[in-house]
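Q: Dropping the structure in here first, questions after.
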Amino acid sequence: MNILFISKNLIAADIARILKNEGHEVKLFIGSKSDRENFSNIVDKTDDWKNELGWVGKSGLIVFDDVGYGSIQNKLRKEGYTVFGGSRGAEKLEMDREYGQEVFRKHGMKTVPLKDFDTVYDALEFAKANPNQWVIKQNNGKKALSYVGELADGSDGISVLLNFLITKKIKNERITLQQRIDGIEIGIGRYFNGTDWVGPIEFNLEHTKMFPGDVGPTTSEMGTLAWYSNDESIPLYMNTIGLFKDFLKKTDFRGDFEINCIVNADGVFPLEATTRFGSPIIHLHDELNISPWGEFLHAVASGKHYDLKWKEGYGIVVLLAAPPFPFKNKLPEDSTYGIGVFFDHLSKDEMKHVHFEGISARVNDPSKYFVTDRNGFVLYVTGVGKTIQEAHKTVYPIIEKIVLPRKMYRNDIGSKFDTSHKAKLIEWGYLK
């Protein structure tokens with residue numbers, strides 16, 4: 001099958017590599033110009049995906065891995081193309097946070113105060129007039145600049161906004177302020193084929209802080225714990241994405257849908273929707289899924305039922321990053337661009353647990369790899385086990401064998417869930 005894979009920032013581009021390994025003809029388009037060096041000599045690439053529509057044809061598959069293409073996806077489907085991804089109506093949940101909260105309320109979910117602002121200055125004036133523990137979020141995907149307020153008078157958040165205000169590249173960004181709520185952050189996701197759910201329910205816990213123990217700056221994500229279940233009676237499912245079947249059907253959504261929530265003894269509070277592949281959870285899907293990706297994605301895009309085969313147990317995915325991660329920095333002395341990545345000590349089976357992002361292969365030797373991502377996102381390692389400790393025993397020995405100069409990663413993915421969060425979620429009645 002011909003597959004045209006359209007990626008904006010390489011959220012799920014490694015799936016293009018896996019689809020190629022399954023025997024499909026794959027062409028990868030990377031929207032971000034600064035990311036286009038990645039996957040060179042690994043997957044065939046194109047600089048203009050629209051010119052490839054004749055190649056992929058109506059019998060092939062078009063995969064979008066990010067938001068921002070909703071109207072295009074709707075149009076392509078009407079023209080007869082088989083398209084995996086979002087839709088205009090669904091992606092608005094993610095791109096317009098205030099609208100998302102309104103939809104959550106209409107579906108019976110509890111929400112906390114949230115407000116979007118067109119500029120940092122507008123957000124600053126609001127924060128001054130309304131002292132609170134505000135969570136500061138940017139709407140351009142830069143999670144590294146997010147901040148969770150700690151002081152009741154909001155003075156720490158105000159100082160962060162003042163810092164944004166003196167930075168030319170940030171001061172005119174759209175900012176969201178959301179009232180802080182304490183509890184356990186957990187995501188609930190599932191694939192949807194335009195009319196019904198496909199495959200198991202996914203529960204996941206992100207680890208966004210840079211250092212073990214949830215210390216340090218917020219990153220895009222250092223790793224994730226997740227597991228699957230086919231039990232639709234689990235309260236955490238019934239009271240979140242289980243409420244959205246009609247909404248997704250109405251918007252003709254055909255992709256991966258998730259709602260990220262804070263839960264505590266008082267209830268479930270939605271933070272945001274993800275109407276696309278998530279990263280790095282998509283790499284963990286590859287670890288947990290047994291069925292071929294080509295068959296599965298084509299079935300979802302075609303609106304068909306698919307009996308996805310999957311593994312039971314706990315899965316973890318760990319990011320291996322390198323400087324200047326987690327911050328963008330063009331100083332050459334802080335970059336690992338061009339540095340080799342060495343898998344020489346890994347077996348073929350161990351390599352199945354390794355997933356690429358900021359990597360390319362050498363022209364003269366495709367078995368040799370080097371870093372081509374200038375922001376330090378290099379690769380991910382995944383594993384699954386009956387317990388979290390078993391998953392650790394798969395993942396971390398592989399990481400130790402990978403030679404990546406100046407690599408950094410967290411060595412405690414899933415540990416807090418194992419020692420405390422799981423018991424609380426059961427006590428509060430959200431998990432069985």
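Going by the structure tokens order, chains are called A, B, ..., each with residues numbered from 1, while ligands are numbered from 1 in the order shown.
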Considering only C-alpha atoms, return as a PyMOL selection string whatever protein or nucleic-acid residues lie within 7 Å of range 412-418 of chain A, sequence-local ones (same chain, fewer than 4 positions apart) excluded.
A: chain A and resi 207+212+223-225+316+388+422
Q: Let me see the file: selected residues, all heavy atoms, as a short mmCIF file (atom, residue, chain, number, x, y, z; two decimals), in the first residue's frame.
A:
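Result saved to selection.cif:
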```
data_model
loop_
_atom_site.label_atom_id
_atom_site.label_comp_id
_atom_site.auth_asym_id
_atom_site.auth_seq_id
_atom_site.Cartn_x
_atom_site.Cartn_y
_atom_site.Cartn_z
N HIS A 207 5.22 12.32 32.43
CA HIS A 207 6.29 12.77 33.33
C HIS A 207 6.98 13.95 32.64
O HIS A 207 7.89 13.76 31.82
CB HIS A 207 7.30 11.64 33.59
CG HIS A 207 6.70 10.45 34.29
ND1 HIS A 207 5.69 9.69 33.74
CD2 HIS A 207 6.97 9.89 35.50
CE1 HIS A 207 5.37 8.72 34.57
NE2 HIS A 207 6.14 8.82 35.64
N PRO A 212 14.38 13.22 37.81
CA PRO A 212 13.67 12.25 38.65
C PRO A 212 13.07 12.91 39.89
O PRO A 212 13.63 13.85 40.44
CB PRO A 212 14.77 11.24 39.02
CG PRO A 212 15.74 11.31 37.89
CD PRO A 212 15.75 12.76 37.48
N GLY A 223 8.91 11.08 29.63
CA GLY A 223 8.50 9.69 29.53
C GLY A 223 7.07 9.51 29.98
O GLY A 223 6.46 10.42 30.56
N THR A 224 6.53 8.33 29.73
CA THR A 224 5.12 8.06 30.02
C THR A 224 4.95 6.62 30.50
O THR A 224 5.62 5.71 30.01
CB THR A 224 4.26 8.27 28.76
OG1 THR A 224 4.46 9.58 28.26
CG2 THR A 224 2.78 8.08 29.06
N LEU A 225 4.03 6.44 31.42
CA LEU A 225 3.55 5.12 31.83
C LEU A 225 2.16 4.95 31.24
O LEU A 225 1.35 5.88 31.27
CB LEU A 225 3.47 5.03 33.36
CG LEU A 225 2.65 3.87 33.93
CD1 LEU A 225 3.39 2.55 33.75
CD2 LEU A 225 2.33 4.11 35.41
N ILE A 316 6.21 1.42 29.55
CA ILE A 316 6.83 2.72 29.77
C ILE A 316 7.62 3.10 28.53
O ILE A 316 8.12 2.25 27.79
CB ILE A 316 7.76 2.74 31.02
CG1 ILE A 316 8.96 1.81 30.85
CG2 ILE A 316 7.00 2.43 32.27
CD1 ILE A 316 10.02 2.02 31.91
N ILE A 388 5.46 -2.71 36.73
CA ILE A 388 6.29 -1.59 36.30
C ILE A 388 7.76 -1.93 36.44
O ILE A 388 8.59 -1.55 35.60
CB ILE A 388 5.92 -0.32 37.09
CG1 ILE A 388 4.49 0.12 36.72
CG2 ILE A 388 6.91 0.81 36.83
CD1 ILE A 388 3.92 1.19 37.58
N LYS A 422 -1.43 4.77 42.19
CA LYS A 422 -2.36 3.70 41.86
C LYS A 422 -3.33 3.45 43.01
O LYS A 422 -4.55 3.34 42.80
CB LYS A 422 -1.59 2.41 41.55
CG LYS A 422 -2.49 1.23 41.18
CD LYS A 422 -1.66 -0.01 40.87
CE LYS A 422 -2.54 -1.19 40.52
NZ LYS A 422 -1.75 -2.41 40.23
#
```
Q: Quick one: residues within 10 Å of range 22-34 of chain A, only C-alpha atoms counted, chain neighbours fewer than 5 positions away excluded, as a PyMOL selection string?
A: chain A and resi 1-10+13+16-17+39+43-50+52+55-56+60-64+292-294+372-375
Q: Would you output that residue set with N, CA, C and O atoms, as a compact mmCIF listing (two decimals), in the first residue's frame?
A:
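Output below, filename part_21.txt:
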```
# COMPACT_ATOMS: atom_id res chain seq x y z
N MET A 1 0.84 -1.20 0.00
CA MET A 1 0.00 0.00 0.00
C MET A 1 0.87 1.25 0.00
O MET A 1 1.88 1.32 0.71
N ASN A 2 0.48 2.25 -0.78
CA ASN A 2 1.17 3.54 -0.76
C ASN A 2 0.65 4.36 0.41
O ASN A 2 -0.56 4.52 0.58
N ILE A 3 1.56 4.89 1.21
CA ILE A 3 1.17 5.66 2.39
C ILE A 3 1.91 7.00 2.37
O ILE A 3 3.14 7.05 2.32
N LEU A 4 1.14 8.07 2.41
CA LEU A 4 1.69 9.42 2.50
C LEU A 4 1.56 9.87 3.96
O LEU A 4 0.45 10.00 4.47
N PHE A 5 2.69 10.07 4.62
CA PHE A 5 2.71 10.39 6.05
C PHE A 5 3.07 11.86 6.19
O PHE A 5 4.17 12.28 5.82
N ILE A 6 2.14 12.65 6.75
CA ILE A 6 2.32 14.09 6.87
C ILE A 6 2.53 14.44 8.33
O ILE A 6 1.63 14.30 9.16
N SER A 7 3.74 14.89 8.65
CA SER A 7 4.12 15.21 10.02
C SER A 7 4.50 16.68 10.11
O SER A 7 5.22 17.19 9.26
N LYS A 8 4.02 17.33 11.16
CA LYS A 8 4.37 18.74 11.34
C LYS A 8 5.69 18.88 12.09
O LYS A 8 6.61 19.56 11.64
N ASN A 9 5.80 18.22 13.24
CA ASN A 9 7.00 18.33 14.08
C ASN A 9 7.51 16.97 14.54
O ASN A 9 8.07 16.85 15.63
N LEU A 10 7.29 15.94 13.74
CA LEU A 10 7.82 14.60 14.02
C LEU A 10 7.20 13.95 15.26
O LEU A 10 7.85 13.16 15.94
N ALA A 13 6.58 10.44 13.52
CA ALA A 13 7.25 10.09 12.27
C ALA A 13 7.89 8.71 12.31
O ALA A 13 8.10 8.09 11.26
N ALA A 16 6.17 6.11 10.42
CA ALA A 16 6.45 6.02 8.99
C ALA A 16 7.57 5.01 8.73
O ALA A 16 7.51 4.24 7.77
N ARG A 17 8.59 5.02 9.58
CA ARG A 17 9.68 4.05 9.46
C ARG A 17 9.16 2.63 9.67
O ARG A 17 9.53 1.69 8.94
N PHE A 39 15.39 11.83 9.78
CA PHE A 39 14.92 10.67 9.03
C PHE A 39 15.53 10.57 7.63
O PHE A 39 15.06 9.78 6.80
N VAL A 43 13.70 7.01 5.74
CA VAL A 43 12.41 6.95 5.04
C VAL A 43 12.47 7.91 3.86
O VAL A 43 13.05 9.00 3.98
N ASP A 44 11.87 7.53 2.73
CA ASP A 44 11.80 8.45 1.59
C ASP A 44 10.98 9.67 1.99
O ASP A 44 9.91 9.54 2.61
N LYS A 45 11.45 10.86 1.63
CA LYS A 45 10.78 12.10 2.03
C LYS A 45 10.36 12.90 0.81
O LYS A 45 10.89 12.74 -0.29
N THR A 46 9.39 13.78 1.04
CA THR A 46 8.93 14.69 0.00
C THR A 46 8.83 16.09 0.58
O THR A 46 8.52 16.27 1.77
N ASP A 47 9.11 17.09 -0.24
CA ASP A 47 9.03 18.49 0.22
C ASP A 47 7.66 19.11 -0.04
O ASP A 47 7.40 20.23 0.39
N ASP A 48 6.78 18.41 -0.76
CA ASP A 48 5.46 18.95 -1.08
C ASP A 48 4.46 17.80 -1.10
O ASP A 48 4.35 17.07 -2.09
N TRP A 49 3.73 17.63 -0.02
CA TRP A 49 2.84 16.48 0.08
C TRP A 49 1.68 16.54 -0.91
O TRP A 49 1.18 15.51 -1.36
N LYS A 50 1.27 17.75 -1.28
CA LYS A 50 0.15 17.88 -2.21
C LYS A 50 0.50 17.31 -3.59
O LYS A 50 -0.38 16.80 -4.29
N GLU A 52 2.05 14.72 -4.04
CA GLU A 52 2.07 13.26 -3.91
C GLU A 52 0.68 12.64 -3.88
O GLU A 52 0.54 11.43 -3.75
N TRP A 55 0.22 10.09 -6.43
CA TRP A 55 0.98 8.87 -6.12
C TRP A 55 0.26 8.01 -5.10
O TRP A 55 0.14 6.79 -5.27
N VAL A 56 -0.26 8.63 -4.02
CA VAL A 56 -0.92 7.84 -2.98
C VAL A 56 -2.26 7.34 -3.47
O VAL A 56 -2.67 6.21 -3.15
N GLY A 60 -4.68 4.33 -1.59
CA GLY A 60 -3.64 4.40 -0.57
C GLY A 60 -4.15 5.00 0.72
O GLY A 60 -5.37 5.14 0.94
N LEU A 61 -3.22 5.39 1.59
CA LEU A 61 -3.57 5.91 2.92
C LEU A 61 -2.79 7.20 3.17
O LEU A 61 -1.58 7.25 2.93
N ILE A 62 -3.49 8.22 3.66
CA ILE A 62 -2.85 9.47 4.06
C ILE A 62 -2.95 9.57 5.58
O ILE A 62 -4.03 9.45 6.15
N VAL A 63 -1.81 9.77 6.25
CA VAL A 63 -1.76 9.85 7.71
C VAL A 63 -1.26 11.23 8.13
O VAL A 63 -0.18 11.65 7.71
N PHE A 64 -2.04 11.93 8.92
CA PHE A 64 -1.62 13.18 9.54
C PHE A 64 -1.33 12.91 11.01
O PHE A 64 -2.11 12.24 11.69
N PRO A 292 -0.44 -5.23 12.90
CA PRO A 292 0.33 -4.34 12.01
C PRO A 292 -0.27 -2.94 11.94
O PRO A 292 -1.50 -2.77 11.90
N TRP A 293 0.59 -1.94 11.90
CA TRP A 293 0.14 -0.55 11.86
C TRP A 293 -0.63 -0.24 10.57
O TRP A 293 -1.63 0.49 10.59
N GLY A 294 -0.16 -0.75 9.44
CA GLY A 294 -0.80 -0.43 8.17
C GLY A 294 -2.26 -0.84 8.15
O GLY A 294 -3.14 -0.06 7.76
N THR A 372 20.42 14.70 14.15
CA THR A 372 20.14 15.79 13.23
C THR A 372 19.11 16.77 13.79
O THR A 372 18.71 17.71 13.11
N ASP A 373 18.65 16.53 15.01
CA ASP A 373 17.70 17.45 15.64
C ASP A 373 18.48 18.49 16.44
O ASP A 373 19.26 18.15 17.31
N ARG A 374 18.25 19.75 16.13
CA ARG A 374 19.02 20.82 16.77
C ARG A 374 18.48 21.19 18.15
O ARG A 374 19.07 22.03 18.83
N ASN A 375 17.36 20.59 18.55
CA ASN A 375 16.78 20.89 19.86
C ASN A 375 16.98 19.76 20.87
O ASN A 375 16.52 19.85 22.00
```
Q: Give me, as a list in words, all polymer residues having an atom no more than 8 Å from range 69-77 of chain A, counting only C-alpha atoms and skipping those fewer than 3 positions away in the same chain.
A: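 The neighbour list is Phe64, Asp66, Gly80, Tyr81, Thr82, Val83, Gly85, Gly86, Ser87, Arg88, Gly89, Ala90 and Glu91 of chain A.
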Q: Between A:Asp365, A:Lys92, A:Lys393, A:Phe84, which one has atoms that come closest to Gly255 in chain A, using only C-alpha atoms?
A: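 Using only C-alpha atoms, Gly255 in chain A sits closest to A:Phe84.
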Q: Using DSSP on the backbone coordinates, identify all residues within range 156-397 of chain A classified as helix (DSSP H, G or I); present the result as an MDAnalysis selection string.
A: chainID A and resid 156:165 235:238 241:243 245:250 281:288 293:302 332:334 348:351 388:397
Q: Of the residues A:Ile402, A:Ala265, A:Met408, A:Leu161, which is the one nearest to Ala127 in chain A, using only C-alpha atoms?
A: A:Leu161
Q: Can you work out which one of A:Glu232, A:Glu102, A:Glu37, A:Glu400 has the shortest atom-to-atom distance to Phe370 in chain A, counting only C-alpha atoms?
A: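 Of A:Glu232, A:Glu102, A:Glu37, A:Glu400, the one nearest Phe370 in chain A, counting only C-alpha atoms, is A:Glu37.
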Q: Leaving out Lys168 in chain A and any residue of its chain fewer than 5 positions from it, which residues lie within 12 Å of it when counting only C-alpha atoms, given as a list in words?
A: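 Here the answer would be Thr119, Val120, Leu162, Asn163 and Glu173 of chain A.
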Q: Generate a file of the selected residues that holds all heavy atoms, formatted as a PDB file, in the first residue's frame.
A:
```
ATOM      1  N   THR A 119      -2.149  38.223  24.113  1.00  0.00           N
ATOM      2  CA  THR A 119      -0.755  38.618  24.342  1.00  0.00           C
ATOM      3  C   THR A 119      -0.373  38.357  25.790  1.00  0.00           C
ATOM      4  O   THR A 119      -1.243  38.193  26.657  1.00  0.00           O
ATOM      5  CB  THR A 119      -0.522  40.110  24.041  1.00  0.00           C
ATOM      6  OG1 THR A 119      -1.224  40.900  25.022  1.00  0.00           O
ATOM      7  CG2 THR A 119      -0.992  40.485  22.642  1.00  0.00           C
ATOM      8  N   VAL A 120       0.917  38.336  26.051  1.00  0.00           N
ATOM      9  CA  VAL A 120       1.417  38.185  27.419  1.00  0.00           C
ATOM     10  C   VAL A 120       0.965  39.352  28.281  1.00  0.00           C
ATOM     11  O   VAL A 120       0.613  39.176  29.461  1.00  0.00           O
ATOM     12  CB  VAL A 120       2.954  38.077  27.418  1.00  0.00           C
ATOM     13  CG1 VAL A 120       3.497  38.109  28.844  1.00  0.00           C
ATOM     14  CG2 VAL A 120       3.410  36.800  26.717  1.00  0.00           C
ATOM     15  N   LEU A 162       6.189  38.578  33.499  1.00  0.00           N
ATOM     16  CA  LEU A 162       7.053  39.743  33.267  1.00  0.00           C
ATOM     17  C   LEU A 162       8.308  39.333  32.497  1.00  0.00           C
ATOM     18  O   LEU A 162       8.782  40.078  31.621  1.00  0.00           O
ATOM     19  CB  LEU A 162       7.442  40.387  34.604  1.00  0.00           C
ATOM     20  CG  LEU A 162       6.361  41.210  35.299  1.00  0.00           C
ATOM     21  CD1 LEU A 162       6.788  41.561  36.729  1.00  0.00           C
ATOM     22  CD2 LEU A 162       6.085  42.494  34.505  1.00  0.00           C
ATOM     23  N   ASN A 163       8.815  38.146  32.804  1.00  0.00           N
ATOM     24  CA  ASN A 163       9.965  37.626  32.071  1.00  0.00           C
ATOM     25  C   ASN A 163       9.605  37.379  30.602  1.00  0.00           C
ATOM     26  O   ASN A 163      10.391  37.682  29.691  1.00  0.00           O
ATOM     27  CB  ASN A 163      10.457  36.337  32.721  1.00  0.00           C
ATOM     28  CG  ASN A 163      11.603  35.696  31.962  1.00  0.00           C
ATOM     29  OD1 ASN A 163      11.391  34.751  31.218  1.00  0.00           O
ATOM     30  ND2 ASN A 163      12.811  36.225  32.131  1.00  0.00           N
ATOM     31  N   GLU A 173       2.861  36.150  22.121  1.00  0.00           N
ATOM     32  CA  GLU A 173       2.261  34.816  22.034  1.00  0.00           C
ATOM     33  C   GLU A 173       0.923  34.783  22.783  1.00  0.00           C
ATOM     34  O   GLU A 173       0.718  35.510  23.749  1.00  0.00           O
ATOM     35  CB  GLU A 173       3.196  33.771  22.654  1.00  0.00           C
ATOM     36  CG  GLU A 173       4.497  33.572  21.913  1.00  0.00           C
ATOM     37  CD  GLU A 173       4.347  32.718  20.671  1.00  0.00           C
ATOM     38  OE1 GLU A 173       3.217  32.234  20.428  1.00  0.00           O
ATOM     39  OE2 GLU A 173       5.344  32.535  19.959  1.00  0.00           O
TER      40      GLU A 173
END
```
Q: Quick one: everything within 9 Å of Asn41 in chain A, counting only C-alpha atoms, minus sequence neighbours fewer than 4 positions away in the same chain. Send it as number ranges by chain.
A: A: 45, 360-363, 366
Q: Include C-alpha atoms and write out the residues we just selected as a JSON list (two decimals), in the first residue's frame.
A:
```json
[["chain", "number", "residue", "atom", "x", "y", "z"],
["A", 45, "LYS", "CA", 10.78, 12.10, 2.03],
["A", 360, "SER", "CA", 19.36, 10.31, 10.37],
["A", 361, "ALA", "CA", 21.41, 7.53, 8.81],
["A", 362, "ARG", "CA", 24.76, 7.98, 7.07],
["A", 363, "VAL", "CA", 24.56, 8.14, 3.28],
["A", 366, "PRO", "CA", 22.62, 3.26, 6.55]]
```
Q: Rank A:Lys209, A:Lys407, A:Lys304, A:Arg190 by their smallest atom-to-atom distance to Arg276 in chain A, using only C-alpha atoms, and report the top residue only.
A: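 That would be A:Arg190, the residue with the smallest distance to Arg276 in chain A.
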Q: Please list as a VMD selection string every residue within 7 Å of range 95-100 of chain A, counting only C-alpha atoms and excluding residues in the same chain fewer than 5 positions away.
A: chain A and resid 114 to 116
Q: For Glu312 in chain A, which residue out of A:Leu248, A:Val378, A:Leu151, A:Val384 is the nearest one, using only C-alpha atoms?
A: A:Val384
Q: Have a look at CA of Val341 in chain A and CA of Val381 in chain A and let me know their distance in Å, one decimal.
A: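 Computing the Euclidean distance for CA of Val341 in chain A and CA of Val381 in chain A yields 13.6 Å.
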Q: Please provide as a short mmCIF file (atom, residue, chain, number, x, y, z; two decimals) with N, CA, C and O atoms, in the first residue's frame all residues within 9 Å of Ile399 in chain A, with the sequence filter that same-chain residues fewer than 3 positions apart are discarded (counting only C-alpha atoms).
A:
```
data_model
loop_
_atom_site.label_atom_id
_atom_site.label_comp_id
_atom_site.auth_asym_id
_atom_site.auth_seq_id
_atom_site.Cartn_x
_atom_site.Cartn_y
_atom_site.Cartn_z
N VAL A 318 10.64 6.07 27.48
CA VAL A 318 11.60 7.01 28.06
C VAL A 318 12.28 7.78 26.93
O VAL A 318 12.75 7.18 25.95
N LEU A 320 15.32 9.78 25.35
CA LEU A 320 16.75 10.04 25.44
C LEU A 320 17.00 11.36 24.71
O LEU A 320 16.79 11.46 23.49
N VAL A 381 12.91 4.84 24.09
CA VAL A 381 13.02 3.41 24.34
C VAL A 381 11.78 2.96 25.10
O VAL A 381 11.35 3.64 26.05
N VAL A 395 13.58 -1.71 29.67
CA VAL A 395 13.94 -0.42 29.09
C VAL A 395 15.32 0.07 29.51
O VAL A 395 16.16 0.43 28.66
N TYR A 396 15.59 0.12 30.80
CA TYR A 396 16.80 0.81 31.25
C TYR A 396 18.10 0.09 30.89
O TYR A 396 19.10 0.76 30.59
N ILE A 402 22.97 2.03 24.83
CA ILE A 402 23.01 3.01 23.74
C ILE A 402 24.06 4.07 24.06
O ILE A 402 24.02 4.70 25.12
N VAL A 403 24.96 4.27 23.13
CA VAL A 403 26.00 5.29 23.31
C VAL A 403 25.58 6.55 22.59
O VAL A 403 25.54 6.62 21.36
N TYR A 409 18.20 11.40 30.58
CA TYR A 409 16.91 10.73 30.65
C TYR A 409 16.52 10.58 32.11
O TYR A 409 17.34 10.70 33.01
#
```
Q: Using DSSP on the backbone coordinates, identify the residues of range 282-402 of chain A assigned to strand (DSSP E); present them as number ranges by chain.
A: A: 314-321, 340-341, 354-356, 359-361, 369-371, 377-385
Q: With only C-alpha atoms as the atoms that count, which of A:Tyr314, A:Phe356, A:Phe126, A:Phe377 lies nearest to Glu390 in chain A?
A: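 For Glu390 in chain A, the nearest of the given residues is A:Tyr314.
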